Structures are given as structure tokens and as C-alpha cells.
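Accompanying notes for the structure given below.
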Amino acid sequence: MVSIEGMTEFWDRLVGAQPDPPPLLVLLTGVAALLVVSTRLPWRIARNAITIAHEGGHALAALLTGRKLRGIRLHSDTSGLTLSAGRPTGPGMVLTLLAGYLAPPLVGLGGAWLLAGNRITLLLWLAVILLLAMLVMIRNLFGVLSLLVTGGVVLAVSWYASPQVQAAFAWTSVWFLLLGGVRPVIELQRLRTQRGMPASDADQLAGITGFPAFFWVVLFGLVNLAVLVVGGLMLAGPLLTEAGITW
């Protein structure tokens, strides 16, 4: 039986603030995330995390706008598919389609806000909870395995790793979400230019709004760059403080 003292200790550990990270850690984790995003093989592997956030964004937007979520599929080529039922046009469908490319950096922004308050443990546990919630809607084996592996890694780090390892993992992950939200938009436009992508989020938005697909691609890019700047400033707080810069 779990004692009240044990529960109190766990709660204090969950919501308590950890010590400020060394400025060097903030810098090195940002560089590491940038290298992963900008190099081919690491990006090919890590992009699955972006896809999870992308499809999770579609799913959450569908639920919040009253659509009926049918399921989520994650594929080994890092693509994904979220199916929902409801009106094929209208604000609900627009917001559902919009949410995919915007979700990874926005999740990163939420993570940056938590890290700015040194809530590392809370961030890791929230990530585990969100992954478990998404697991319920997964409809293919690779998707299940992908979420179990991702959630297992986060859970292991949050439970067994030292505070220094937790900090490095958390900062790298959030940097990656912020930076990794930009590259898929560039890839989207490149693929559209090469062979067309009538089923892409941007092209579907064009079909139901009248605005061209390129408008939506640009919107994705501008929002994600703005979020990257704001989130980056939050994460870089220890570096800015070290340099005597306030904002």
C-alpha cells in the first residue's frame, strides 16, 4: 500500500523545480539537436518523433472541434495518417488540417516554457502521459511499437537517469521539436514542386478554403519559425543570463 508520505514525496518530485542547467549544457544540446535535424541518417530516425507530434496535433484538433476520431497510423517511412469523421469542410476541418505541421514546434514551445521554470521531471512525465493517451488511438503495429519505444525511453530517463542526464535529454528533445518543426515544411514544398502532393495538408486546405496550397506552406513556415524564435529564447535563458542579456 502506498503511504501518504510516499505520495507526497512523489508529487513534490514531480512538480518541483530542478537546479538551473549549466549554460554549456543548453548550448551543446541545441547544437546536438541542430545536427540531428540537418543530417540525413539521424534525421531519418528521429523524424518519427516529429510524426508522432504531427499526427497527435491532427487528432487533438479533431477532438477539440467536435469531429469523431477514427484512428491514427504511423508508418516506418516516417509518414502518418489521422482519420476523423465529420463535415469535410468548415472550421473544424480547417483547424484539424492546420494542426499537423504546427504541432511539433508548439509542443516544443510548451516544453520550453516548462524548462524555463526548470520543471524537467514534470515535462518528462507529461510526455509519457500524452504518448499513452495517443497509444489508445493507434491502429497499426508499427505505430504501437513506435509509441511504446518512445514512451519507454522517456519513462526510463525520468525514473532512472541522474538529474544531469534528465536535463540533457529534456533540453535536447525540446530543441529538436522546435528545430524539427521547420524542416518538414521545407520538405513538403520540395515534394510539391517535384511531383505534386494532392493529399498533403496544404493541398487539402487549398481545396476547402480557396487559398492556394503555397499560402498554407508559407503560413506553416512563418508560424514555426516564430515559435522557434520564442521557444529558443526561453531555452537559451541560462546562456543569456550568463552573458548579462535580459529580454
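In the C-alpha cells, chains take letters A, B, ... by order of appearance, with residues numbered from 1 within each chain and ligands from 1 in the order shown.
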* To do: Please identify which residues in segment 38-129 of chain A DSSP calls helix (DSSP H, G or I) from the backbone, and express them as a VMD selection string.
  => chain A and resid 38 40 to 64 91 to 116 120 to 129
* Distance query segment 131-145 of chain A at most 8 Å, only C-alpha atoms, self and fewer than 5 positions along chain excluded, as a ChimeraX atom specification -> /A:56,70-76,151
Write a file of the just-selected residues containing N, CA, C and O atoms, as a PDB file, in the first residue's frame.
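The resulting selection.pdb:
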ATOM      1  N   GLY A  56      -0.472  13.607 -33.651  1.00  0.00           N
ATOM      2  CA  GLY A  56      -1.135  13.957 -32.408  1.00  0.00           C
ATOM      3  C   GLY A  56      -1.829  15.307 -32.487  1.00  0.00           C
ATOM      4  O   GLY A  56      -2.911  15.500 -31.915  1.00  0.00           O
ATOM      5  N   ARG A  70     -11.212   8.572 -35.684  1.00  0.00           N
ATOM      6  CA  ARG A  70     -11.304   7.170 -36.071  1.00  0.00           C
ATOM      7  C   ARG A  70     -10.030   6.384 -35.753  1.00  0.00           C
ATOM      8  O   ARG A  70     -10.096   5.187 -35.485  1.00  0.00           O
ATOM      9  N   GLY A  71      -8.895   7.047 -35.807  1.00  0.00           N
ATOM     10  CA  GLY A  71      -7.663   6.333 -35.531  1.00  0.00           C
ATOM     11  C   GLY A  71      -6.450   7.020 -36.132  1.00  0.00           C
ATOM     12  O   GLY A  71      -6.576   7.937 -36.950  1.00  0.00           O
ATOM     13  N   ILE A  72      -5.279   6.572 -35.697  1.00  0.00           N
ATOM     14  CA  ILE A  72      -4.006   7.139 -36.144  1.00  0.00           C
ATOM     15  C   ILE A  72      -3.110   5.996 -36.603  1.00  0.00           C
ATOM     16  O   ILE A  72      -3.048   4.945 -35.949  1.00  0.00           O
ATOM     17  N   ARG A  73      -2.420   6.203 -37.693  1.00  0.00           N
ATOM     18  CA  ARG A  73      -1.457   5.225 -38.197  1.00  0.00           C
ATOM     19  C   ARG A  73      -0.105   5.922 -38.364  1.00  0.00           C
ATOM     20  O   ARG A  73      -0.027   7.021 -38.920  1.00  0.00           O
ATOM     21  N   LEU A  74       0.942   5.270 -37.882  1.00  0.00           N
ATOM     22  CA  LEU A  74       2.309   5.747 -38.055  1.00  0.00           C
ATOM     23  C   LEU A  74       3.054   4.717 -38.892  1.00  0.00           C
ATOM     24  O   LEU A  74       2.952   3.515 -38.632  1.00  0.00           O
ATOM     25  N   HIS A  75       3.809   5.179 -39.890  1.00  0.00           N
ATOM     26  CA  HIS A  75       4.462   4.270 -40.820  1.00  0.00           C
ATOM     27  C   HIS A  75       5.979   4.336 -40.696  1.00  0.00           C
ATOM     28  O   HIS A  75       6.533   5.347 -40.252  1.00  0.00           O
ATOM     29  N   SER A  76       6.640   3.265 -41.124  1.00  0.00           N
ATOM     30  CA  SER A  76       8.094   3.166 -40.992  1.00  0.00           C
ATOM     31  C   SER A  76       8.841   4.153 -41.872  1.00  0.00           C
ATOM     32  O   SER A  76      10.023   4.411 -41.645  1.00  0.00           O
ATOM     33  N   GLY A 151       7.846   6.195 -25.638  1.00  0.00           N
ATOM     34  CA  GLY A 151       7.398   6.376 -24.257  1.00  0.00           C
ATOM     35  C   GLY A 151       8.279   5.648 -23.262  1.00  0.00           C
ATOM     36  O   GLY A 151       8.535   6.157 -22.166  1.00  0.00           O
TER      37      GLY A 151
END
* When distances are computed from only C-alpha atoms, which of A:Leu235, A:Val230, A:Leu179, A:Ala243 shows the smallest separation from Ala32 of chain A? ->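 Between A:Leu235, A:Val230, A:Leu179, A:Ala243, the residue approaching Ala32 of chain A most closely is A:Leu179.
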* To do: Could you give me the residues within chain A that DSSP places in strand (DSSP E or B), as a list of chain:residue names?
  =>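 Strand (DSSP E or B) members of chain A, listed: A:Lys68, A:Leu69, A:Arg70, A:Gly71, A:Ile72, A:Arg73, A:Leu74, A:Gly80, A:Leu81, A:Thr82, A:Leu83, A:Ser84, A:Ala85, A:Ile138.
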* Which residue out of A:Thr96, A:Ser173, A:Gln204, A:Thr209 has the minimum interatomic distance to Ala49 of chain A when only C-alpha atoms are used? ->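 Closest residue, counting only C-alpha atoms: A:Ser173.
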* Residues near Ile245 of chain A, cut-off 12 Å, only C-alpha atoms, skip fewer than 6 positions along chain, as JSON, numbers by chain -> {"A": [233, 236, 237, 238, 239]}
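Atom CA of Pro19 of chain A lies 6.8 Å from atom CA of Asn118 of chain A.
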